[in-house]
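Heads up, model.csv below (CSV, N, CA and C atoms):
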```csv
chain,number,residue,atom,x,y,z
R,29,GLY,N,3.2,-13.1,4.7
R,29,GLY,CA,3.7,-12.3,3.6
R,29,GLY,C,4.8,-11.4,4.1
R,30,LEU,N,4.7,-10.9,5.3
R,30,LEU,CA,5.7,-10.0,5.8
R,30,LEU,C,7.1,-10.6,5.9
R,31,GLU,N,7.1,-11.9,6.2
R,31,GLU,CA,8.4,-12.7,6.3
R,31,GLU,C,9.0,-12.7,4.9
R,32,LYS,N,8.2,-12.7,3.9
R,32,LYS,CA,8.8,-12.8,2.5
R,32,LYS,C,9.0,-11.5,1.9
R,33,PHE,N,8.7,-10.4,2.6
R,33,PHE,CA,8.9,-9.1,2.0
R,33,PHE,C,10.3,-8.8,1.7
R,34,SER,N,10.6,-8.2,0.6
R,34,SER,CA,11.9,-8.0,0.1
R,34,SER,C,12.1,-6.6,-0.3
R,35,ASP,N,13.3,-6.1,0.0
R,35,ASP,CA,13.7,-4.7,-0.4
R,35,ASP,C,13.8,-4.7,-1.9
R,36,GLN,N,13.8,-5.8,-2.6
R,36,GLN,CA,13.9,-5.8,-4.1
R,36,GLN,C,12.6,-5.4,-4.7
R,37,LEU,N,11.5,-5.4,-4.0
R,37,LEU,CA,10.2,-5.0,-4.5
R,37,LEU,C,10.3,-3.5,-4.8
R,38,GLN,N,9.5,-3.1,-5.8
R,38,GLN,CA,9.5,-1.7,-6.2
R,38,GLN,C,8.3,-1.0,-5.7
R,39,ALA,N,7.2,-1.7,-5.3
R,39,ALA,CA,6.0,-1.1,-4.8
R,39,ALA,C,5.1,-2.2,-4.2
R,40,VAL,N,4.2,-1.9,-3.3
R,40,VAL,CA,3.3,-2.8,-2.7
R,40,VAL,C,1.9,-2.3,-2.8
R,41,VAL,N,1.0,-3.2,-3.3
R,41,VAL,CA,-0.4,-3.0,-3.3
R,41,VAL,C,-1.0,-3.9,-2.3
R,42,LEU,N,-1.6,-3.4,-1.2
R,42,LEU,CA,-1.9,-4.2,-0.1
R,42,LEU,C,-3.4,-4.1,0.3
R,43,ASP,N,-4.1,-5.2,0.4
R,43,ASP,CA,-5.4,-5.2,0.9
R,43,ASP,C,-5.5,-4.9,2.3
R,44,ILE,N,-6.4,-4.2,2.8
R,44,ILE,CA,-6.5,-3.8,4.2
R,44,ILE,C,-7.2,-4.9,5.0
R,45,ASP,N,-8.2,-5.5,4.4
R,45,ASP,CA,-9.0,-6.5,5.1
R,45,ASP,C,-8.4,-7.9,5.0
R,46,LEU,N,-7.4,-8.2,5.8
R,46,LEU,CA,-6.8,-9.5,5.8
R,46,LEU,C,-7.2,-10.3,7.1
R,47,PRO,N,-7.2,-11.6,7.0
R,47,PRO,CA,-7.7,-12.4,8.1
R,47,PRO,C,-7.0,-12.3,9.4
R,48,ASP,N,-5.7,-12.3,9.5
R,48,ASP,CA,-5.0,-12.4,10.7
R,48,ASP,C,-4.3,-11.1,11.2
R,49,ILE,N,-4.1,-10.2,10.3
R,49,ILE,CA,-3.4,-8.9,10.6
R,49,ILE,C,-4.0,-7.9,9.6
R,50,SER,N,-4.1,-6.7,10.0
R,50,SER,CA,-4.6,-5.7,9.1
R,50,SER,C,-3.5,-5.2,8.2
R,51,GLY,N,-3.9,-4.7,7.1
R,51,GLY,CA,-3.0,-4.1,6.1
R,51,GLY,C,-2.3,-2.9,6.7
R,52,ILE,N,-3.0,-2.2,7.7
R,52,ILE,CA,-2.4,-1.0,8.4
R,52,ILE,C,-1.2,-1.5,9.2
R,53,GLU,N,-1.3,-2.6,9.9
R,53,GLU,CA,-0.2,-3.1,10.6
R,53,GLU,C,1.0,-3.5,9.7
R,54,ILE,N,0.7,-4.1,8.6
R,54,ILE,CA,1.7,-4.5,7.7
R,54,ILE,C,2.4,-3.3,7.1
R,55,ALA,N,1.6,-2.3,6.8
R,55,ALA,CA,2.2,-1.0,6.2
R,55,ALA,C,3.2,-0.4,7.2
R,56,ARG,N,2.8,-0.4,8.5
R,56,ARG,CA,3.7,0.2,9.5
R,56,ARG,C,5.0,-0.6,9.6
R,57,ALA,N,4.9,-1.9,9.5
R,57,ALA,CA,6.1,-2.8,9.6
R,57,ALA,C,7.0,-2.5,8.4
R,58,ILE,N,6.4,-2.4,7.2
R,58,ILE,CA,7.2,-2.1,6.0
R,58,ILE,C,7.9,-0.8,6.1
R,59,ARG,N,7.1,0.2,6.6
R,59,ARG,CA,7.7,1.6,6.7
R,59,ARG,C,8.9,1.7,7.6
R,60,LYS,N,8.9,0.8,8.7
R,60,LYS,CA,10.0,0.8,9.6
R,60,LYS,C,11.4,0.6,8.9
R,61,ASN,N,11.3,-0.4,7.9
R,61,ASN,CA,12.5,-0.8,7.2
R,61,ASN,C,12.7,-0.1,5.8
R,62,ASN,N,11.6,0.4,5.3
R,62,ASN,CA,11.7,0.9,3.9
R,62,ASN,C,10.8,2.2,3.8
R,63,PRO,N,11.3,3.3,4.2
R,63,PRO,CA,10.5,4.5,4.3
R,63,PRO,C,10.1,5.1,2.9
R,64,THR,N,10.7,4.6,1.8
R,64,THR,CA,10.4,5.2,0.5
R,64,THR,C,9.6,4.3,-0.4
R,65,MET,N,9.3,3.1,0.1
R,65,MET,CA,8.6,2.1,-0.7
R,65,MET,C,7.2,2.6,-1.0
R,66,PRO,N,6.7,2.7,-2.3
R,66,PRO,CA,5.4,3.1,-2.5
R,66,PRO,C,4.4,2.1,-2.0
R,67,LEU,N,3.4,2.5,-1.2
R,67,LEU,CA,2.4,1.6,-0.6
R,67,LEU,C,1.1,2.1,-1.0
R,68,ILE,N,0.3,1.2,-1.6
R,68,ILE,CA,-1.1,1.5,-2.1
R,68,ILE,C,-2.0,0.6,-1.3
R,69,ALA,N,-3.0,1.2,-0.6
R,69,ALA,CA,-4.0,0.4,0.1
R,69,ALA,C,-5.2,0.2,-0.8
R,70,CYS,N,-5.8,-1.0,-0.7
R,70,CYS,CA,-7.0,-1.4,-1.4
R,70,CYS,C,-8.0,-1.8,-0.3
R,71,THR,N,-9.2,-1.1,-0.3
R,71,THR,CA,-10.1,-1.4,0.8
R,71,THR,C,-11.6,-1.2,0.3
R,72,SER,N,-12.5,-2.0,1.0
R,72,SER,CA,-13.9,-1.8,0.8
R,72,SER,C,-14.5,-1.5,2.2
R,73,SER,N,-13.7,-1.3,3.1
R,73,SER,CA,-14.1,-1.2,4.5
R,73,SER,C,-14.1,0.3,5.0
R,74,CYS,N,-14.9,0.6,5.9
R,74,CYS,CA,-14.9,1.9,6.6
R,74,CYS,C,-14.3,1.8,7.9
R,75,GLN,N,-13.5,0.8,8.2
R,75,GLN,CA,-13.0,0.5,9.5
R,75,GLN,C,-11.9,1.6,9.9
R,76,PHE,N,-11.2,2.1,8.9
R,76,PHE,CA,-10.1,3.1,9.1
R,76,PHE,C,-10.5,4.4,8.4
R,77,SER,N,-10.0,5.5,8.9
R,77,SER,CA,-10.1,6.8,8.2
R,77,SER,C,-9.0,7.0,7.3
R,78,GLU,N,-9.2,7.9,6.4
R,78,GLU,CA,-8.1,8.2,5.4
R,78,GLU,C,-6.8,8.6,6.2
R,79,GLU,N,-7.0,9.4,7.3
R,79,GLU,CA,-5.8,9.8,8.1
R,79,GLU,C,-5.1,8.6,8.6
R,80,ASP,N,-5.8,7.5,9.0
R,80,ASP,CA,-5.2,6.3,9.5
R,80,ASP,C,-4.3,5.7,8.5
R,81,TYR,N,-4.8,5.7,7.2
R,81,TYR,CA,-4.0,5.1,6.1
R,81,TYR,C,-2.7,5.8,5.9
R,82,PHE,N,-2.8,7.2,5.9
R,82,PHE,CA,-1.6,8.0,5.7
R,82,PHE,C,-0.6,7.9,6.9
R,83,GLN,N,-1.1,7.9,8.1
R,83,GLN,CA,-0.3,7.8,9.2
R,83,GLN,C,0.4,6.4,9.3
R,84,ALA,N,-0.2,5.4,8.7
R,84,ALA,CA,0.4,4.1,8.6
R,84,ALA,C,1.5,4.0,7.6
R,85,GLY,N,1.5,5.0,6.7
R,85,GLY,CA,2.6,5.1,5.7
R,85,GLY,C,2.1,4.8,4.2
R,86,PHE,N,0.8,4.7,4.0
R,86,PHE,CA,0.3,4.5,2.7
R,86,PHE,C,0.5,5.8,1.9
R,87,ASN,N,0.8,5.7,0.6
R,87,ASN,CA,0.8,6.8,-0.3
R,87,ASN,C,-0.5,7.1,-0.9
R,88,LEU,N,-1.3,6.1,-1.1
R,88,LEU,CA,-2.6,6.2,-1.8
R,88,LEU,C,-3.6,5.2,-1.3
R,89,VAL,N,-4.8,5.5,-1.3
R,89,VAL,CA,-5.9,4.6,-0.9
R,89,VAL,C,-6.9,4.4,-2.1
R,90,LEU,N,-7.1,3.2,-2.5
R,90,LEU,CA,-8.0,2.9,-3.6
R,90,LEU,C,-9.2,2.2,-3.0
R,91,GLU,N,-10.4,2.6,-3.3
R,91,GLU,CA,-11.6,1.9,-2.8
R,91,GLU,C,-12.0,0.8,-3.8
R,92,LYS,N,-12.4,-0.3,-3.2
R,92,LYS,CA,-13.0,-1.4,-4.0
R,92,LYS,C,-14.4,-1.1,-4.3
R,93,PRO,N,-15.0,-1.6,-5.4
R,93,PRO,CA,-14.3,-2.3,-6.4
R,93,PRO,C,-13.5,-1.4,-7.3
R,94,MET,N,-12.4,-1.9,-7.9
R,94,MET,CA,-11.6,-1.0,-8.7
R,94,MET,C,-11.2,-1.8,-9.9
R,95,HIS,N,-10.7,-1.1,-10.9
R,95,HIS,CA,-10.3,-1.8,-12.2
R,95,HIS,C,-8.8,-1.9,-12.1
R,96,LEU,N,-8.3,-3.0,-12.6
R,96,LEU,CA,-6.8,-3.2,-12.6
R,96,LEU,C,-6.1,-2.1,-13.4
R,97,GLU,N,-6.7,-1.5,-14.4
R,97,GLU,CA,-6.1,-0.4,-15.1
R,97,GLU,C,-5.8,0.8,-14.1
R,98,LYS,N,-6.6,1.0,-13.2
R,98,LYS,CA,-6.4,2.1,-12.2
R,98,LYS,C,-5.2,1.8,-11.4
R,99,ILE,N,-5.0,0.6,-11.0
R,99,ILE,CA,-3.9,0.2,-10.2
R,99,ILE,C,-2.6,0.3,-11.0
R,100,TYR,N,-2.7,-0.1,-12.3
R,100,TYR,CA,-1.5,0.0,-13.1
R,100,TYR,C,-1.1,1.4,-13.3
R,101,VAL,N,-2.0,2.3,-13.5
R,101,VAL,CA,-1.7,3.7,-13.7
R,101,VAL,C,-1.1,4.3,-12.5
R,102,CYS,N,-1.6,4.0,-11.3
R,102,CYS,CA,-1.1,4.5,-10.0
R,102,CYS,C,0.4,4.0,-9.8
R,103,LEU,N,0.5,2.7,-10.0
R,103,LEU,CA,1.9,2.1,-9.9
R,103,LEU,C,2.9,2.7,-10.8
R,104,ALA,N,2.5,2.9,-12.1
R,104,ALA,CA,3.4,3.5,-13.0
R,104,ALA,C,3.8,4.9,-12.6
R,105,GLY,N,2.9,5.6,-12.1
R,105,GLY,CA,3.3,7.0,-11.6
R,105,GLY,C,4.3,6.9,-10.4
R,106,TYR,N,4.0,6.0,-9.5
R,106,TYR,CA,5.0,5.9,-8.4
R,106,TYR,C,6.3,5.4,-8.8
R,107,LEU,N,6.3,4.4,-9.7
R,107,LEU,CA,7.6,3.9,-10.1
R,107,LEU,C,8.4,4.8,-10.9
R,108,GLN,N,7.7,5.7,-11.7
R,108,GLN,CA,8.4,6.7,-12.5
R,108,GLN,C,9.1,7.7,-11.5
R,109,GLN,N,8.4,8.0,-10.5
R,109,GLN,CA,9.0,9.0,-9.5
R,109,GLN,C,10.2,8.4,-8.8
R,110,ARG,N,10.2,7.1,-8.6
R,110,ARG,CA,11.4,6.4,-7.9
R,110,ARG,C,12.6,6.4,-8.8
R,111,VAL,N,12.4,6.3,-10.1
R,111,VAL,CA,13.5,6.3,-11.1
R,111,VAL,C,14.1,7.6,-11.2
R,112,HIS,N,13.4,8.7,-11.1
R,112,HIS,CA,13.9,10.0,-11.3
R,112,HIS,C,14.4,10.6,-10.1
```
Mind converting the file's structure to structure tokens?
Amino acid sequence: GLEKFSDQLQAVVLDIDLPDISGIEIARAIRKNNPTMPLIACTSSCQFSEEDYFQAGFNLVLEKPMHLEKIYVCLAGYLQQRVH
């Protein structure tokens, strides 16, 4: 997924519990090249602390299970901020 990452994206919602690489590592890689990209973590794991998420560059952490409506509301807020 990281190879296909594009600066054309407006925001990233990223699962933390991935099979080969953690979402934390992906967030750090995204942040190196795009410091303003809104990053939202989705997790059901206690593997990382809230501080770990924010140090990796996430703007927000959502715990699973969650409703799509909550993701939409969060994304809309971040995207509005980027436009202004």
Non-local contacts of stretch 65-82 of chain R (5 Å; all atoms listed in the file; under 3 positions in same chain excluded) as an mmCIF file with N, CA and C atoms, in the coordinates of the input:
```
data_model
loop_
_atom_site.group_PDB
_atom_site.id
_atom_site.type_symbol
_atom_site.label_atom_id
_atom_site.label_comp_id
_atom_site.auth_asym_id
_atom_site.auth_seq_id
_atom_site.Cartn_x
_atom_site.Cartn_y
_atom_site.Cartn_z
ATOM 1 N N ALA R 39 7.200 -1.700 -5.300
ATOM 2 C CA ALA R 39 6.000 -1.100 -4.800
ATOM 3 C C ALA R 39 5.100 -2.200 -4.200
ATOM 4 N N VAL R 40 4.200 -1.900 -3.300
ATOM 5 C CA VAL R 40 3.300 -2.800 -2.700
ATOM 6 C C VAL R 40 1.900 -2.300 -2.800
ATOM 7 N N VAL R 41 1.000 -3.200 -3.300
ATOM 8 C CA VAL R 41 -0.400 -3.000 -3.300
ATOM 9 C C VAL R 41 -1.000 -3.900 -2.300
ATOM 10 N N LEU R 42 -1.600 -3.400 -1.200
ATOM 11 C CA LEU R 42 -1.900 -4.200 -0.100
ATOM 12 C C LEU R 42 -3.400 -4.100 0.300
ATOM 13 N N ASP R 43 -4.100 -5.200 0.400
ATOM 14 C CA ASP R 43 -5.400 -5.200 0.900
ATOM 15 C C ASP R 43 -5.500 -4.900 2.300
ATOM 16 N N ILE R 44 -6.400 -4.200 2.800
ATOM 17 C CA ILE R 44 -6.500 -3.800 4.200
ATOM 18 C C ILE R 44 -7.200 -4.900 5.000
ATOM 19 N N ASN R 62 11.600 0.400 5.300
ATOM 20 C CA ASN R 62 11.700 0.900 3.900
ATOM 21 C C ASN R 62 10.800 2.200 3.800
ATOM 22 N N GLY R 85 1.500 5.000 6.700
ATOM 23 C CA GLY R 85 2.600 5.100 5.700
ATOM 24 C C GLY R 85 2.100 4.800 4.200
ATOM 25 N N PHE R 86 0.800 4.700 4.000
ATOM 26 C CA PHE R 86 0.300 4.500 2.700
ATOM 27 C C PHE R 86 0.500 5.800 1.900
ATOM 28 N N ASN R 87 0.800 5.700 0.600
ATOM 29 C CA ASN R 87 0.800 6.800 -0.300
ATOM 30 C C ASN R 87 -0.500 7.100 -0.900
ATOM 31 N N LEU R 88 -1.300 6.100 -1.100
ATOM 32 C CA LEU R 88 -2.600 6.200 -1.800
ATOM 33 C C LEU R 88 -3.600 5.200 -1.300
ATOM 34 N N VAL R 89 -4.800 5.500 -1.300
ATOM 35 C CA VAL R 89 -5.900 4.600 -0.900
ATOM 36 C C VAL R 89 -6.900 4.400 -2.100
ATOM 37 N N LEU R 90 -7.100 3.200 -2.500
ATOM 38 C CA LEU R 90 -8.000 2.900 -3.600
ATOM 39 C C LEU R 90 -9.200 2.200 -3.000
ATOM 40 N N GLU R 91 -10.400 2.600 -3.300
ATOM 41 C CA GLU R 91 -11.600 1.900 -2.800
ATOM 42 C C GLU R 91 -12.000 0.800 -3.800
ATOM 43 N N LYS R 92 -12.400 -0.300 -3.200
ATOM 44 C CA LYS R 92 -13.000 -1.400 -4.000
ATOM 45 C C LYS R 92 -14.400 -1.100 -4.300
#
```
Can you pull out every residue from stretch 39-86 of chain R that DSSP, working from the backbone, puts in alpha helix (DSSP H), and format the result as a CSV table (one decimal) with N, CA and C atoms, in the coordinates of the input?
```csv
chain,number,residue,atom,x,y,z
R,51,GLY,N,-3.9,-4.7,7.1
R,51,GLY,CA,-3.0,-4.1,6.1
R,51,GLY,C,-2.3,-2.9,6.7
R,52,ILE,N,-3.0,-2.2,7.7
R,52,ILE,CA,-2.4,-1.0,8.4
R,52,ILE,C,-1.2,-1.5,9.2
R,53,GLU,N,-1.3,-2.6,9.9
R,53,GLU,CA,-0.2,-3.1,10.6
R,53,GLU,C,1.0,-3.5,9.7
R,54,ILE,N,0.7,-4.1,8.6
R,54,ILE,CA,1.7,-4.5,7.7
R,54,ILE,C,2.4,-3.3,7.1
R,55,ALA,N,1.6,-2.3,6.8
R,55,ALA,CA,2.2,-1.0,6.2
R,55,ALA,C,3.2,-0.4,7.2
R,56,ARG,N,2.8,-0.4,8.5
R,56,ARG,CA,3.7,0.2,9.5
R,56,ARG,C,5.0,-0.6,9.6
R,57,ALA,N,4.9,-1.9,9.5
R,57,ALA,CA,6.1,-2.8,9.6
R,57,ALA,C,7.0,-2.5,8.4
R,58,ILE,N,6.4,-2.4,7.2
R,58,ILE,CA,7.2,-2.1,6.0
R,58,ILE,C,7.9,-0.8,6.1
R,59,ARG,N,7.1,0.2,6.6
R,59,ARG,CA,7.7,1.6,6.7
R,59,ARG,C,8.9,1.7,7.6
R,60,LYS,N,8.9,0.8,8.7
R,60,LYS,CA,10.0,0.8,9.6
R,60,LYS,C,11.4,0.6,8.9
R,61,ASN,N,11.3,-0.4,7.9
R,61,ASN,CA,12.5,-0.8,7.2
R,61,ASN,C,12.7,-0.1,5.8
R,78,GLU,N,-9.2,7.9,6.4
R,78,GLU,CA,-8.1,8.2,5.4
R,78,GLU,C,-6.8,8.6,6.2
R,79,GLU,N,-7.0,9.4,7.3
R,79,GLU,CA,-5.8,9.8,8.1
R,79,GLU,C,-5.1,8.6,8.6
R,80,ASP,N,-5.8,7.5,9.0
R,80,ASP,CA,-5.2,6.3,9.5
R,80,ASP,C,-4.3,5.7,8.5
R,81,TYR,N,-4.8,5.7,7.2
R,81,TYR,CA,-4.0,5.1,6.1
R,81,TYR,C,-2.7,5.8,5.9
R,82,PHE,N,-2.8,7.2,5.9
R,82,PHE,CA,-1.6,8.0,5.7
R,82,PHE,C,-0.6,7.9,6.9
R,83,GLN,N,-1.1,7.9,8.1
R,83,GLN,CA,-0.3,7.8,9.2
R,83,GLN,C,0.4,6.4,9.3
R,84,ALA,N,-0.2,5.4,8.7
R,84,ALA,CA,0.4,4.1,8.6
R,84,ALA,C,1.5,4.0,7.6
```
How far is it from atom CA of R:Met94 to atom CA of R:Asn61, in Å with one decimal?
28.9 Å
Can you pull out the residues contacting stretch 101-111 of chain R? Cut-off 7 Å, using only N, CA and C atoms, and skip same-chain residues under 2 positions away; I want them as a ChimeraX atom specification.
/R:38,66,96-99
Can you tell me how far atom N of R:Gln83 sits from atom N of R:Ile52, in Å to one decimal?
10.3 Å
Could you write out, as a PyMOL selection string, all the residues of chain R that DSSP marks as strand (DSSP E)?
chain R and resi 40-43+67-71+88-91
Work out how far atom N of R:Ile58 is from atom N of R:Pro93, in Å to one decimal.
24.8 Å
How would stretch 34-57 of chain R look with N, CA, C and O atoms restored, written as a PDB file, in the coordinates of the input?
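For reference, selection-v5.pdb as written:
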```pdb
ATOM      1  N   SER R  34      10.600  -8.200   0.600  1.00  0.00           N
ATOM      2  CA  SER R  34      11.900  -8.000   0.100  1.00  0.00           C
ATOM      3  C   SER R  34      12.100  -6.600  -0.300  1.00  0.00           C
ATOM      4  O   SER R  34      11.270  -5.937  -0.835  1.00  0.00           O
ATOM      5  N   ASP R  35      13.300  -6.100   0.000  1.00  0.00           N
ATOM      6  CA  ASP R  35      13.700  -4.700  -0.400  1.00  0.00           C
ATOM      7  C   ASP R  35      13.800  -4.700  -1.900  1.00  0.00           C
ATOM      8  O   ASP R  35      13.978  -3.587  -2.500  1.00  0.00           O
ATOM      9  N   GLN R  36      13.800  -5.800  -2.600  1.00  0.00           N
ATOM     10  CA  GLN R  36      13.900  -5.800  -4.100  1.00  0.00           C
ATOM     11  C   GLN R  36      12.600  -5.400  -4.700  1.00  0.00           C
ATOM     12  O   GLN R  36      12.547  -5.148  -5.900  1.00  0.00           O
ATOM     13  N   LEU R  37      11.500  -5.400  -4.000  1.00  0.00           N
ATOM     14  CA  LEU R  37      10.200  -5.000  -4.500  1.00  0.00           C
ATOM     15  C   LEU R  37      10.300  -3.500  -4.800  1.00  0.00           C
ATOM     16  O   LEU R  37      10.930  -2.732  -4.174  1.00  0.00           O
ATOM     17  N   GLN R  38       9.500  -3.100  -5.800  1.00  0.00           N
ATOM     18  CA  GLN R  38       9.500  -1.700  -6.200  1.00  0.00           C
ATOM     19  C   GLN R  38       8.300  -1.000  -5.700  1.00  0.00           C
ATOM     20  O   GLN R  38       8.268   0.244  -5.573  1.00  0.00           O
ATOM     21  N   ALA R  39       7.200  -1.700  -5.300  1.00  0.00           N
ATOM     22  CA  ALA R  39       6.000  -1.100  -4.800  1.00  0.00           C
ATOM     23  C   ALA R  39       5.100  -2.200  -4.200  1.00  0.00           C
ATOM     24  O   ALA R  39       5.348  -3.413  -4.479  1.00  0.00           O
ATOM     25  N   VAL R  40       4.200  -1.900  -3.300  1.00  0.00           N
ATOM     26  CA  VAL R  40       3.300  -2.800  -2.700  1.00  0.00           C
ATOM     27  C   VAL R  40       1.900  -2.300  -2.800  1.00  0.00           C
ATOM     28  O   VAL R  40       1.595  -1.200  -2.398  1.00  0.00           O
ATOM     29  N   VAL R  41       1.000  -3.200  -3.300  1.00  0.00           N
ATOM     30  CA  VAL R  41      -0.400  -3.000  -3.300  1.00  0.00           C
ATOM     31  C   VAL R  41      -1.000  -3.900  -2.300  1.00  0.00           C
ATOM     32  O   VAL R  41      -0.798  -5.130  -2.361  1.00  0.00           O
ATOM     33  N   LEU R  42      -1.600  -3.400  -1.200  1.00  0.00           N
ATOM     34  CA  LEU R  42      -1.900  -4.200  -0.100  1.00  0.00           C
ATOM     35  C   LEU R  42      -3.400  -4.100   0.300  1.00  0.00           C
ATOM     36  O   LEU R  42      -3.961  -2.955   0.408  1.00  0.00           O
ATOM     37  N   ASP R  43      -4.100  -5.200   0.400  1.00  0.00           N
ATOM     38  CA  ASP R  43      -5.400  -5.200   0.900  1.00  0.00           C
ATOM     39  C   ASP R  43      -5.500  -4.900   2.300  1.00  0.00           C
ATOM     40  O   ASP R  43      -4.593  -5.383   3.096  1.00  0.00           O
ATOM     41  N   ILE R  44      -6.400  -4.200   2.800  1.00  0.00           N
ATOM     42  CA  ILE R  44      -6.500  -3.800   4.200  1.00  0.00           C
ATOM     43  C   ILE R  44      -7.200  -4.900   5.000  1.00  0.00           C
ATOM     44  O   ILE R  44      -6.855  -5.166   6.143  1.00  0.00           O
ATOM     45  N   ASP R  45      -8.200  -5.500   4.400  1.00  0.00           N
ATOM     46  CA  ASP R  45      -9.000  -6.500   5.100  1.00  0.00           C
ATOM     47  C   ASP R  45      -8.400  -7.900   5.000  1.00  0.00           C
ATOM     48  O   ASP R  45      -8.857  -8.721   4.190  1.00  0.00           O
ATOM     49  N   LEU R  46      -7.400  -8.200   5.800  1.00  0.00           N
ATOM     50  CA  LEU R  46      -6.800  -9.500   5.800  1.00  0.00           C
ATOM     51  C   LEU R  46      -7.200 -10.300   7.100  1.00  0.00           C
ATOM     52  O   LEU R  46      -7.618  -9.724   8.086  1.00  0.00           O
ATOM     53  N   PRO R  47      -7.200 -11.600   7.000  1.00  0.00           N
ATOM     54  CA  PRO R  47      -7.700 -12.400   8.100  1.00  0.00           C
ATOM     55  C   PRO R  47      -7.000 -12.300   9.400  1.00  0.00           C
ATOM     56  O   PRO R  47      -7.643 -12.276  10.492  1.00  0.00           O
ATOM     57  N   ASP R  48      -5.700 -12.300   9.500  1.00  0.00           N
ATOM     58  CA  ASP R  48      -5.000 -12.400  10.700  1.00  0.00           C
ATOM     59  C   ASP R  48      -4.300 -11.100  11.200  1.00  0.00           C
ATOM     60  O   ASP R  48      -3.983 -10.956  12.352  1.00  0.00           O
ATOM     61  N   ILE R  49      -4.100 -10.200  10.300  1.00  0.00           N
ATOM     62  CA  ILE R  49      -3.400  -8.900  10.600  1.00  0.00           C
ATOM     63  C   ILE R  49      -4.000  -7.900   9.600  1.00  0.00           C
ATOM     64  O   ILE R  49      -4.265  -8.235   8.446  1.00  0.00           O
ATOM     65  N   SER R  50      -4.100  -6.700  10.000  1.00  0.00           N
ATOM     66  CA  SER R  50      -4.600  -5.700   9.100  1.00  0.00           C
ATOM     67  C   SER R  50      -3.500  -5.200   8.200  1.00  0.00           C
ATOM     68  O   SER R  50      -2.353  -5.172   8.555  1.00  0.00           O
ATOM     69  N   GLY R  51      -3.900  -4.700   7.100  1.00  0.00           N
ATOM     70  CA  GLY R  51      -3.000  -4.100   6.100  1.00  0.00           C
ATOM     71  C   GLY R  51      -2.300  -2.900   6.700  1.00  0.00           C
ATOM     72  O   GLY R  51      -1.179  -2.524   6.410  1.00  0.00           O
ATOM     73  N   ILE R  52      -3.000  -2.200   7.700  1.00  0.00           N
ATOM     74  CA  ILE R  52      -2.400  -1.000   8.400  1.00  0.00           C
ATOM     75  C   ILE R  52      -1.200  -1.500   9.200  1.00  0.00           C
ATOM     76  O   ILE R  52      -0.152  -0.847   9.125  1.00  0.00           O
ATOM     77  N   GLU R  53      -1.300  -2.600   9.900  1.00  0.00           N
ATOM     78  CA  GLU R  53      -0.200  -3.100  10.600  1.00  0.00           C
ATOM     79  C   GLU R  53       1.000  -3.500   9.700  1.00  0.00           C
ATOM     80  O   GLU R  53       2.152  -3.290  10.046  1.00  0.00           O
ATOM     81  N   ILE R  54       0.700  -4.100   8.600  1.00  0.00           N
ATOM     82  CA  ILE R  54       1.700  -4.500   7.700  1.00  0.00           C
ATOM     83  C   ILE R  54       2.400  -3.300   7.100  1.00  0.00           C
ATOM     84  O   ILE R  54       3.629  -3.259   6.975  1.00  0.00           O
ATOM     85  N   ALA R  55       1.600  -2.300   6.800  1.00  0.00           N
ATOM     86  CA  ALA R  55       2.200  -1.000   6.200  1.00  0.00           C
ATOM     87  C   ALA R  55       3.200  -0.400   7.200  1.00  0.00           C
ATOM     88  O   ALA R  55       4.272   0.019   6.862  1.00  0.00           O
ATOM     89  N   ARG R  56       2.800  -0.400   8.500  1.00  0.00           N
ATOM     90  CA  ARG R  56       3.700   0.200   9.500  1.00  0.00           C
ATOM     91  C   ARG R  56       5.000  -0.600   9.600  1.00  0.00           C
ATOM     92  O   ARG R  56       6.061  -0.028   9.758  1.00  0.00           O
ATOM     93  N   ALA R  57       4.900  -1.900   9.500  1.00  0.00           N
ATOM     94  CA  ALA R  57       6.100  -2.800   9.600  1.00  0.00           C
ATOM     95  C   ALA R  57       7.000  -2.500   8.400  1.00  0.00           C
ATOM     96  O   ALA R  57       8.198  -2.463   8.513  1.00  0.00           O
TER      97      ALA R  57
END
```
